[in-house]
$ cat protein14.tsv   # TSV, all heavy atoms
chain	number	residue	atom	x	y	z
A	1	MET	N	-46.42	-65.26	-26.13
A	1	MET	CA	-45.30	-65.59	-26.99
A	1	MET	C	-44.10	-64.76	-26.57
A	1	MET	O	-44.22	-63.59	-26.29
A	1	MET	CB	-45.65	-65.33	-28.46
A	1	MET	CG	-44.45	-65.62	-29.31
A	1	MET	SD	-44.53	-65.55	-31.09
A	1	MET	CE	-46.01	-66.21	-31.60
A	2	ASP	N	-42.92	-65.36	-26.55
A	2	ASP	CA	-41.73	-64.66	-26.09
A	2	ASP	C	-40.85	-64.15	-27.22
A	2	ASP	O	-39.80	-63.58	-26.97
A	2	ASP	CB	-40.94	-65.53	-25.13
A	2	ASP	CG	-40.49	-66.84	-25.75
A	2	ASP	OD1	-40.67	-67.03	-26.97
A	2	ASP	OD2	-39.94	-67.68	-25.03
A	3	GLY	N	-41.21	-64.35	-28.47
A	3	GLY	CA	-40.45	-63.80	-29.60
A	3	GLY	C	-39.23	-64.59	-29.99
A	3	GLY	O	-38.39	-64.09	-30.72
A	4	ARG	N	-39.10	-65.82	-29.50
A	4	ARG	CA	-37.95	-66.66	-29.86
A	4	ARG	C	-38.34	-67.66	-30.93
A	4	ARG	O	-39.40	-68.27	-30.88
A	4	ARG	CB	-37.45	-67.45	-28.65
A	4	ARG	CG	-36.71	-66.63	-27.64
A	4	ARG	CD	-36.18	-67.49	-26.52
A	4	ARG	NE	-37.30	-68.17	-25.85
A	4	ARG	CZ	-37.30	-69.45	-25.52
A	4	ARG	NH1	-36.26	-70.20	-25.76
A	4	ARG	NH2	-38.34	-69.99	-24.93
A	5	ALA	N	-37.45	-67.85	-31.90
A	5	ALA	CA	-37.65	-68.88	-32.91
A	5	ALA	C	-37.01	-70.17	-32.40
A	5	ALA	O	-35.93	-70.15	-31.82
A	5	ALA	CB	-36.99	-68.47	-34.23
A	6	VAL	N	-37.71	-71.27	-32.56
A	6	VAL	CA	-37.19	-72.57	-32.14
A	6	VAL	C	-37.35	-73.56	-33.28
A	6	VAL	O	-38.23	-73.43	-34.12
A	6	VAL	CB	-37.91	-73.11	-30.88
A	6	VAL	CG1	-37.66	-72.23	-29.69
A	6	VAL	CG2	-39.38	-73.29	-31.12
A	7	VAL	N	-36.48	-74.55	-33.28
A	7	VAL	CA	-36.57	-75.61	-34.27
A	7	VAL	C	-37.58	-76.64	-33.76
A	7	VAL	O	-37.46	-77.15	-32.66
A	7	VAL	CB	-35.20	-76.28	-34.48
A	7	VAL	CG1	-35.32	-77.44	-35.46
A	7	VAL	CG2	-34.19	-75.26	-34.99
A	8	ASP	N	-38.56	-76.94	-34.58
A	8	ASP	CA	-39.60	-77.91	-34.24
A	8	ASP	C	-39.34	-79.18	-35.04
A	8	ASP	O	-39.97	-79.42	-36.07
A	8	ASP	CB	-40.98	-77.33	-34.55
A	8	ASP	CG	-42.11	-78.26	-34.14
A	8	ASP	OD1	-41.84	-79.26	-33.45
A	8	ASP	OD2	-43.25	-77.97	-34.52
A	9	GLU	N	-38.41	-80.00	-34.56
A	9	GLU	CA	-38.00	-81.19	-35.29
A	9	GLU	C	-39.13	-82.20	-35.44
A	9	GLU	O	-39.19	-82.93	-36.41
A	9	GLU	CB	-36.81	-81.84	-34.60
A	9	GLU	CG	-35.57	-80.98	-34.67
A	9	GLU	CD	-34.40	-81.58	-33.93
A	9	GLU	OE1	-34.49	-82.75	-33.50
A	9	GLU	OE2	-33.40	-80.88	-33.77
A	10	ARG	N	-40.06	-82.22	-34.49
A	10	ARG	CA	-41.17	-83.18	-34.54
A	10	ARG	C	-42.38	-82.63	-35.29
A	10	ARG	O	-43.38	-83.31	-35.47
A	10	ARG	CB	-41.56	-83.59	-33.13
A	10	ARG	CG	-40.41	-84.32	-32.44
A	10	ARG	CD	-40.74	-84.66	-31.04
A	10	ARG	NE	-41.81	-85.66	-31.05
A	10	ARG	CZ	-42.45	-86.08	-29.98
A	10	ARG	NH1	-42.14	-85.58	-28.81
A	10	ARG	NH2	-43.39	-86.99	-30.07
A	11	ARG	N	-42.30	-81.36	-35.67
A	11	ARG	CA	-43.39	-80.69	-36.39
A	11	ARG	C	-44.71	-80.78	-35.63
A	11	ARG	O	-45.76	-81.05	-36.20
A	11	ARG	CB	-43.55	-81.27	-37.79
A	11	ARG	CG	-42.32	-81.14	-38.63
A	11	ARG	CD	-42.54	-81.78	-39.96
A	11	ARG	NE	-41.28	-81.79	-40.71
A	11	ARG	CZ	-41.10	-82.44	-41.83
A	11	ARG	NH1	-42.09	-83.14	-42.34
A	11	ARG	NH2	-39.96	-82.40	-42.44
A	12	SER	N	-44.64	-80.52	-34.33
A	12	SER	CA	-45.84	-80.67	-33.51
A	12	SER	C	-46.16	-79.45	-32.65
A	12	SER	O	-47.17	-79.46	-31.95
A	12	SER	CB	-45.69	-81.89	-32.60
A	12	SER	OG	-44.60	-81.70	-31.72
A	13	LEU	N	-45.33	-78.42	-32.68
A	13	LEU	CA	-45.60	-77.24	-31.85
A	13	LEU	C	-46.74	-76.43	-32.44
A	13	LEU	O	-46.91	-76.36	-33.66
A	13	LEU	CB	-44.35	-76.36	-31.77
A	13	LEU	CG	-43.16	-76.97	-31.02
A	13	LEU	CD1	-41.96	-76.04	-31.10
A	13	LEU	CD2	-43.53	-77.22	-29.58
A	14	PRO	N	-47.54	-75.81	-31.58
A	14	PRO	CA	-48.65	-74.99	-32.08
A	14	PRO	C	-48.15	-73.66	-32.63
A	14	PRO	O	-47.03	-73.22	-32.33
A	14	PRO	CB	-49.50	-74.77	-30.83
A	14	PRO	CG	-48.52	-74.84	-29.71
A	14	PRO	CD	-47.50	-75.86	-30.13
A	15	GLY	N	-48.95	-73.03	-33.44
A	15	GLY	CA	-48.63	-71.70	-33.95
A	15	GLY	C	-48.11	-71.73	-35.37
A	15	GLY	O	-48.07	-72.76	-36.03
A	16	ARG	N	-47.70	-70.56	-35.81
A	16	ARG	CA	-47.19	-70.40	-37.17
A	16	ARG	C	-45.80	-71.02	-37.28
A	16	ARG	O	-45.07	-71.10	-36.32
A	16	ARG	CB	-47.10	-68.93	-37.55
A	16	ARG	CG	-48.47	-68.28	-37.67
A	16	ARG	CD	-48.38	-66.92	-38.32
A	16	ARG	NE	-47.90	-66.99	-39.68
A	16	ARG	CZ	-48.65	-67.28	-40.75
A	16	ARG	NH1	-49.92	-67.53	-40.58
A	16	ARG	NH2	-48.14	-67.29	-41.95
A	17	GLY	N	-45.45	-71.41	-38.48
A	17	GLY	CA	-44.14	-71.99	-38.72
A	17	GLY	C	-43.60	-71.56	-40.06
A	17	GLY	O	-44.32	-71.03	-40.90
A	18	ALA	N	-42.31	-71.74	-40.23
A	18	ALA	CA	-41.65	-71.43	-41.49
A	18	ALA	C	-40.60	-72.49	-41.74
A	18	ALA	O	-39.83	-72.83	-40.84
A	18	ALA	CB	-41.02	-70.04	-41.45
A	19	TRP	N	-40.57	-73.02	-42.94
A	19	TRP	CA	-39.58	-74.03	-43.29
A	19	TRP	C	-38.29	-73.33	-43.65
A	19	TRP	O	-38.29	-72.32	-44.37
A	19	TRP	CB	-40.07	-74.86	-44.47
A	19	TRP	CG	-39.19	-76.03	-44.72
A	19	TRP	CD1	-39.30	-77.25	-44.16
A	19	TRP	CD2	-38.05	-76.09	-45.58
A	19	TRP	NE1	-38.31	-78.08	-44.60
A	19	TRP	CE2	-37.52	-77.38	-45.49
A	19	TRP	CE3	-37.42	-75.18	-46.41
A	19	TRP	CZ2	-36.39	-77.78	-46.20
A	19	TRP	CZ3	-36.31	-75.58	-47.10
A	19	TRP	CH2	-35.82	-76.88	-47.00
A	20	LEU	N	-37.16	-73.85	-43.16
A	20	LEU	CA	-35.85	-73.28	-43.46
A	20	LEU	C	-34.89	-74.41	-43.75
A	20	LEU	O	-34.77	-75.35	-42.95
A	20	LEU	CB	-35.36	-72.45	-42.28
A	20	LEU	CG	-34.04	-71.73	-42.47
A	20	LEU	CD1	-34.16	-70.67	-43.55
A	20	LEU	CD2	-33.60	-71.10	-41.17
A	21	HIS	N	-34.21	-74.33	-44.87
A	21	HIS	CA	-33.20	-75.32	-45.25
A	21	HIS	C	-32.11	-75.34	-44.18
A	21	HIS	O	-31.76	-74.29	-43.64
A	21	HIS	CB	-32.63	-74.94	-46.61
A	21	HIS	CG	-31.84	-76.02	-47.23
A	21	HIS	ND1	-30.51	-76.17	-47.00
A	21	HIS	CD2	-32.19	-77.02	-48.07
A	21	HIS	CE1	-30.06	-77.22	-47.67
A	21	HIS	NE2	-31.07	-77.75	-48.32
A	22	PRO	N	-31.55	-76.49	-43.84
A	22	PRO	CA	-30.56	-76.57	-42.75
A	22	PRO	C	-29.20	-75.94	-43.07
A	22	PRO	O	-28.31	-75.95	-42.22
A	22	PRO	CB	-30.43	-78.08	-42.50
A	22	PRO	CG	-30.90	-78.73	-43.73
A	22	PRO	CD	-31.92	-77.81	-44.35
A	23	ASP	N	-29.00	-75.40	-44.23
A	23	ASP	CA	-27.74	-74.76	-44.61
A	23	ASP	C	-27.61	-73.41	-43.91
A	23	ASP	O	-28.52	-72.58	-43.99
A	23	ASP	CB	-27.72	-74.56	-46.13
A	23	ASP	CG	-26.42	-74.01	-46.65
A	23	ASP	OD1	-25.60	-73.50	-45.85
A	23	ASP	OD2	-26.22	-74.07	-47.87
A	24	PRO	N	-26.50	-73.15	-43.20
A	24	PRO	CA	-26.33	-71.87	-42.50
A	24	PRO	C	-26.42	-70.66	-43.44
A	24	PRO	O	-26.84	-69.59	-43.02
A	24	PRO	CB	-24.93	-71.96	-41.88
A	24	PRO	CG	-24.65	-73.41	-41.78
A	24	PRO	CD	-25.38	-74.06	-42.92
A	25	GLN	N	-26.05	-70.82	-44.69
A	25	GLN	CA	-26.16	-69.71	-45.65
A	25	GLN	C	-27.62	-69.34	-45.91
A	25	GLN	O	-27.94	-68.19	-46.13
A	25	GLN	CB	-25.47	-70.05	-46.96
A	25	GLN	CG	-23.96	-70.11	-46.83
A	25	GLN	CD	-23.30	-70.50	-48.14
A	25	GLN	OE1	-23.92	-71.13	-48.99
A	25	GLN	NE2	-22.05	-70.12	-48.29
A	26	CYS	N	-28.50	-70.33	-45.87
A	26	CYS	CA	-29.92	-70.07	-46.05
A	26	CYS	C	-30.47	-69.25	-44.88
A	26	CYS	O	-31.26	-68.34	-45.08
A	26	CYS	CB	-30.70	-71.36	-46.20
A	26	CYS	SG	-30.36	-72.23	-47.73
A	27	LEU	N	-30.02	-69.57	-43.67
A	27	LEU	CA	-30.44	-68.80	-42.50
A	27	LEU	C	-29.93	-67.37	-42.63
A	27	LEU	O	-30.69	-66.42	-42.41
A	27	LEU	CB	-29.93	-69.43	-41.21
A	27	LEU	CG	-30.19	-68.63	-39.94
A	27	LEU	CD1	-31.68	-68.42	-39.72
A	27	LEU	CD2	-29.56	-69.32	-38.75
A	28	ALA	N	-28.69	-67.20	-43.00
A	28	ALA	CA	-28.12	-65.86	-43.15
A	28	ALA	C	-28.89	-65.05	-44.18
A	28	ALA	O	-29.20	-63.87	-43.97
A	28	ALA	CB	-26.65	-65.95	-43.53
A	29	GLN	N	-29.24	-65.65	-45.29
A	29	GLN	CA	-29.98	-64.96	-46.33
A	29	GLN	C	-31.39	-64.61	-45.85
A	29	GLN	O	-31.88	-63.51	-46.10
A	29	GLN	CB	-30.06	-65.81	-47.59
A	29	GLN	CG	-30.72	-65.10	-48.75
A	29	GLN	CD	-30.68	-65.93	-50.01
A	29	GLN	OE1	-30.40	-67.12	-49.98
A	29	GLN	NE2	-30.96	-65.31	-51.13
A	30	ALA	N	-32.03	-65.53	-45.15
A	30	ALA	CA	-33.37	-65.26	-44.62
A	30	ALA	C	-33.34	-64.12	-43.62
A	30	ALA	O	-34.26	-63.28	-43.58
A	30	ALA	CB	-33.94	-66.52	-43.97
A	31	LEU	N	-32.29	-64.03	-42.81
A	31	LEU	CA	-32.16	-62.94	-41.84
A	31	LEU	C	-31.93	-61.62	-42.55
A	31	LEU	O	-32.51	-60.60	-42.16
A	31	LEU	CB	-31.04	-63.24	-40.85
A	31	LEU	CG	-31.27	-64.43	-39.93
A	31	LEU	CD1	-30.04	-64.70	-39.09
A	31	LEU	CD2	-32.51	-64.22	-39.08
A	32	ARG	N	-31.08	-61.62	-43.57
A	32	ARG	CA	-30.82	-60.38	-44.33
A	32	ARG	C	-32.10	-59.85	-44.97
A	32	ARG	O	-32.34	-58.65	-45.00
A	32	ARG	CB	-29.78	-60.62	-45.43
A	32	ARG	CG	-28.36	-60.43	-45.02
A	32	ARG	CD	-27.42	-60.33	-46.21
A	32	ARG	NE	-27.61	-61.39	-47.20
A	32	ARG	CZ	-27.07	-62.60	-47.16
A	32	ARG	NH1	-26.30	-62.94	-46.15
A	32	ARG	NH2	-27.28	-63.47	-48.12
A	33	ARG	N	-32.91	-60.75	-45.48
A	33	ARG	CA	-34.14	-60.36	-46.17
A	33	ARG	C	-35.33	-60.18	-45.22
A	33	ARG	O	-36.42	-59.86	-45.67
A	33	ARG	CB	-34.51	-61.42	-47.20
A	33	ARG	CG	-33.51	-61.50	-48.32
A	33	ARG	CD	-33.93	-62.54	-49.31
A	33	ARG	NE	-33.03	-62.57	-50.45
A	33	ARG	CZ	-33.18	-63.34	-51.50
A	33	ARG	NH1	-34.20	-64.16	-51.57
A	33	ARG	NH2	-32.32	-63.30	-52.48
A	34	ARG	N	-35.11	-60.44	-43.94
A	34	ARG	CA	-36.16	-60.38	-42.91
A	34	ARG	C	-37.33	-61.28	-43.28
A	34	ARG	O	-38.50	-60.98	-43.04
A	34	ARG	CB	-36.63	-58.94	-42.68
A	34	ARG	CG	-35.51	-58.05	-42.12
A	34	ARG	CD	-35.96	-56.76	-41.53
A	34	ARG	NE	-37.18	-56.77	-40.74
A	34	ARG	CZ	-37.28	-57.13	-39.46
A	34	ARG	NH1	-36.22	-57.54	-38.82
A	34	ARG	NH2	-38.43	-57.07	-38.83
A	35	ALA	N	-37.01	-62.42	-43.88
A	35	ALA	CA	-38.03	-63.36	-44.35
A	35	ALA	C	-38.71	-64.09	-43.19
A	35	ALA	O	-39.91	-64.35	-43.26
A	35	ALA	CB	-37.40	-64.37	-45.31
A	36	LEU	N	-37.96	-64.44	-42.16
A	36	LEU	CA	-38.57	-65.18	-41.05
A	36	LEU	C	-39.59	-64.34	-40.28
A	36	LEU	O	-40.71	-64.81	-40.06
A	36	LEU	CB	-37.49	-65.73	-40.12
A	36	LEU	CG	-36.62	-66.83	-40.72
A	36	LEU	CD1	-35.53	-67.25	-39.75
A	36	LEU	CD2	-37.45	-68.03	-41.13
A	37	PRO	N	-39.25	-63.13	-39.85
A	37	PRO	CA	-40.28	-62.33	-39.16
A	37	PRO	C	-41.51	-62.08	-40.05
A	37	PRO	O	-42.63	-62.08	-39.57
A	37	PRO	CB	-39.57	-61.02	-38.83
A	37	PRO	CG	-38.13	-61.36	-38.80
A	37	PRO	CD	-37.96	-62.44	-39.83
A	38	ARG	N	-41.28	-61.90	-41.34
A	38	ARG	CA	-42.40	-61.68	-42.26
A	38	ARG	C	-43.27	-62.93	-42.37
A	38	ARG	O	-44.49	-62.86	-42.31
A	38	ARG	CB	-41.86	-61.26	-43.62
A	38	ARG	CG	-42.90	-60.79	-44.58
A	38	ARG	CD	-42.33	-60.17	-45.85
A	38	ARG	NE	-41.36	-61.01	-46.53
A	38	ARG	CZ	-40.06	-60.76	-46.63
A	38	ARG	NH1	-39.54	-59.68	-46.09
A	38	ARG	NH2	-39.26	-61.58	-47.27
A	39	ALA	N	-42.64	-64.09	-42.49
A	39	ALA	CA	-43.39	-65.34	-42.60
A	39	ALA	C	-44.15	-65.66	-41.32
A	39	ALA	O	-45.24	-66.21	-41.36
A	39	ALA	CB	-42.44	-66.49	-42.94
A	40	LEU	N	-43.56	-65.31	-40.19
A	40	LEU	CA	-44.18	-65.61	-38.90
A	40	LEU	C	-45.08	-64.49	-38.40
A	40	LEU	O	-45.67	-64.60	-37.32
A	40	LEU	CB	-43.09	-65.93	-37.87
A	40	LEU	CG	-42.21	-67.12	-38.23
A	40	LEU	CD1	-41.07	-67.25	-37.23
A	40	LEU	CD2	-43.01	-68.39	-38.31
A	41	ARG	N	-45.12	-63.40	-39.16
A	41	ARG	CA	-45.97	-62.25	-38.84
A	41	ARG	C	-45.68	-61.67	-37.46
A	41	ARG	O	-46.57	-61.47	-36.64
A	41	ARG	CB	-47.44	-62.61	-38.96
A	41	ARG	CG	-47.83	-63.02	-40.36
A	41	ARG	CD	-49.29	-63.34	-40.44
A	41	ARG	NE	-49.59	-63.85	-41.78
A	41	ARG	CZ	-50.74	-64.39	-42.10
A	41	ARG	NH1	-51.69	-64.51	-41.22
A	41	ARG	NH2	-50.94	-64.83	-43.32
A	42	VAL	N	-44.39	-61.40	-37.23
A	42	VAL	CA	-43.96	-60.75	-35.98
A	42	VAL	C	-43.05	-59.58	-36.33
A	42	VAL	O	-42.41	-59.57	-37.38
A	42	VAL	CB	-43.22	-61.73	-35.04
A	42	VAL	CG1	-44.15	-62.84	-34.57
A	42	VAL	CG2	-41.99	-62.31	-35.70
A	43	ALA	N	-42.99	-58.59	-35.44
A	43	ALA	CA	-42.14	-57.42	-35.68
A	43	ALA	C	-40.68	-57.74	-35.36
A	43	ALA	O	-39.78	-57.38	-36.12
A	43	ALA	CB	-42.62	-56.24	-34.85
A	44	GLU	N	-40.43	-58.40	-34.25
A	44	GLU	CA	-39.08	-58.74	-33.82
A	44	GLU	C	-39.01	-60.24	-33.56
A	44	GLU	O	-39.96	-60.83	-33.04
A	44	GLU	CB	-38.71	-57.99	-32.54
A	44	GLU	CG	-38.66	-56.49	-32.72
A	44	GLU	CD	-37.50	-56.06	-33.62
A	44	GLU	OE1	-36.42	-56.68	-33.56
A	44	GLU	OE2	-37.69	-55.10	-34.38
A	45	LEU	N	-37.87	-60.85	-33.88
A	45	LEU	CA	-37.73	-62.29	-33.71
A	45	LEU	C	-36.32	-62.60	-33.23
A	45	LEU	O	-35.34	-62.20	-33.86
A	45	LEU	CB	-37.99	-63.00	-35.04
A	45	LEU	CG	-37.98	-64.51	-35.03
A	45	LEU	CD1	-39.12	-65.04	-34.15
A	45	LEU	CD2	-38.12	-65.05	-36.43
A	46	ASP	N	-36.21	-63.31	-32.13
A	46	ASP	CA	-34.92	-63.73	-31.57
A	46	ASP	C	-34.57	-65.08	-32.22
A	46	ASP	O	-35.25	-66.08	-32.00
A	46	ASP	CB	-35.03	-63.89	-30.05
A	46	ASP	CG	-33.75	-64.37	-29.41
A	46	ASP	OD1	-32.71	-64.48	-30.10
A	46	ASP	OD2	-33.80	-64.67	-28.21
A	47	VAL	N	-33.50	-65.11	-33.01
A	47	VAL	CA	-33.11	-66.32	-33.74
A	47	VAL	C	-31.82	-66.92	-33.20
A	47	VAL	O	-31.22	-67.77	-33.86
A	47	VAL	CB	-32.99	-66.06	-35.25
A	47	VAL	CG1	-34.32	-65.70	-35.85
A	47	VAL	CG2	-31.96	-65.00	-35.53
A	48	THR	N	-31.40	-66.52	-32.01
A	48	THR	CA	-30.14	-67.03	-31.48
A	48	THR	C	-30.13	-68.54	-31.34
A	48	THR	O	-29.09	-69.17	-31.47
A	48	THR	CB	-29.80	-66.37	-30.12
A	48	THR	OG1	-30.89	-66.58	-29.23
A	48	THR	CG2	-29.52	-64.91	-30.29
A	49	GLY	N	-31.26	-69.15	-31.10
A	49	GLY	CA	-31.34	-70.61	-31.00
A	49	GLY	C	-31.18	-71.32	-32.32
A	49	GLY	O	-30.97	-72.52	-32.37
A	50	LEU	N	-31.27	-70.58	-33.42
A	50	LEU	CA	-31.15	-71.17	-34.74
A	50	LEU	C	-29.74	-71.10	-35.30
A	50	LEU	O	-29.42	-71.76	-36.27
A	50	LEU	CB	-32.09	-70.45	-35.74
A	50	LEU	CG	-33.57	-70.49	-35.40
A	50	LEU	CD1	-34.34	-69.77	-36.50
A	50	LEU	CD2	-34.08	-71.90	-35.25
A	51	GLU	N	-28.91	-70.27	-34.72
A	51	GLU	CA	-27.55	-70.07	-35.22
A	51	GLU	C	-26.80	-71.39	-35.24
A	51	GLU	O	-26.83	-72.15	-34.28
A	51	GLU	CB	-26.78	-69.06	-34.38
A	51	GLU	CG	-27.46	-67.72	-34.27
A	51	GLU	CD	-27.39	-66.90	-35.55
A	51	GLU	OE1	-26.45	-67.10	-36.33
A	51	GLU	OE2	-28.28	-66.07	-35.74
A	52	VAL	N	-26.12	-71.65	-36.34
A	52	VAL	CA	-25.37	-72.90	-36.49
A	52	VAL	C	-23.89	-72.58	-36.49
A	52	VAL	O	-23.44	-71.68	-37.18
A	52	VAL	CB	-25.75	-73.61	-37.81
A	52	VAL	CG1	-24.94	-74.86	-37.99
A	52	VAL	CG2	-27.23	-73.91	-37.83
A	53	GLY	N	-23.18	-73.33	-35.71
A	53	GLY	CA	-21.85	-73.33	-35.64
A	53	GLY	C	-20.72	-72.62	-35.70
A	53	GLY	O	-19.71	-72.44	-35.65

$ encode --input "protein14.tsv" --output "structure tokens"
Amino acid sequence: MDGRAVVDERRSLPGRGAWLHPDPQCLAQALRRRALPRALRVAELDVTGLEVG
């Protein structure tokens, strides 16, 4: 695993997943609370591919 978060639009990728509302404010709040790394059970998570606009 390379530590990158990716959007799985087809819901078919293997491994752990976390649902995230498509609102950029939801992503910002999840990052502030470190909710994504906690949900995915990783220490560090690269979310640059998730950044919106």

$ select_by_dssp --input "protein14.tsv" --residues "stretch 5-45 of chain A" --states "helix (DSSP H, G or I)" --output "list of chain:residue names"
A:Pro24, A:Gln25, A:Cys26, A:Leu27, A:Ala28, A:Gln29, A:Ala30, A:Leu31, A:Arg32, A:Ala35, A:Leu36, A:Pro37, A:Arg38, A:Ala39, A:Leu40

$ atom_distance --input "protein14.tsv" --atom1 "atom C of A:Arg41" --atom2 "atom CA of A:Arg16"
8.9 Å

$ atom_distance --input "protein14.tsv" --atom1 "atom N of A:Gly17" --atom2 "atom NE of A:Arg38"
13.8 Å

$ atom_distance --input "protein14.tsv" --atom1 "atom CA of A:Leu20" --atom2 "atom CA of A:Val6"
11.4 Å

$ closest_residue --input "protein14.tsv" --among "A:Trp19, A:Pro14, A:Asp2, A:Val7" --to "A:Ala35" --atoms "only C-alpha atoms"
A:Trp19

$ closest_residue --input "protein14.tsv" --among "A:Ser12, A:Ala43, A:Gly3, A:Thr48" --to "A:Leu27" --atoms "only C-alpha atoms"
A:Thr48

$ residues_near_point --input "protein14.tsv" --point "(-36.8, -60.2, -38.1)" --cutoff "5 Å" --atoms "all heavy atoms" --output "list in words"
Arg34, Pro37, Ala43 and Leu45 of chain A
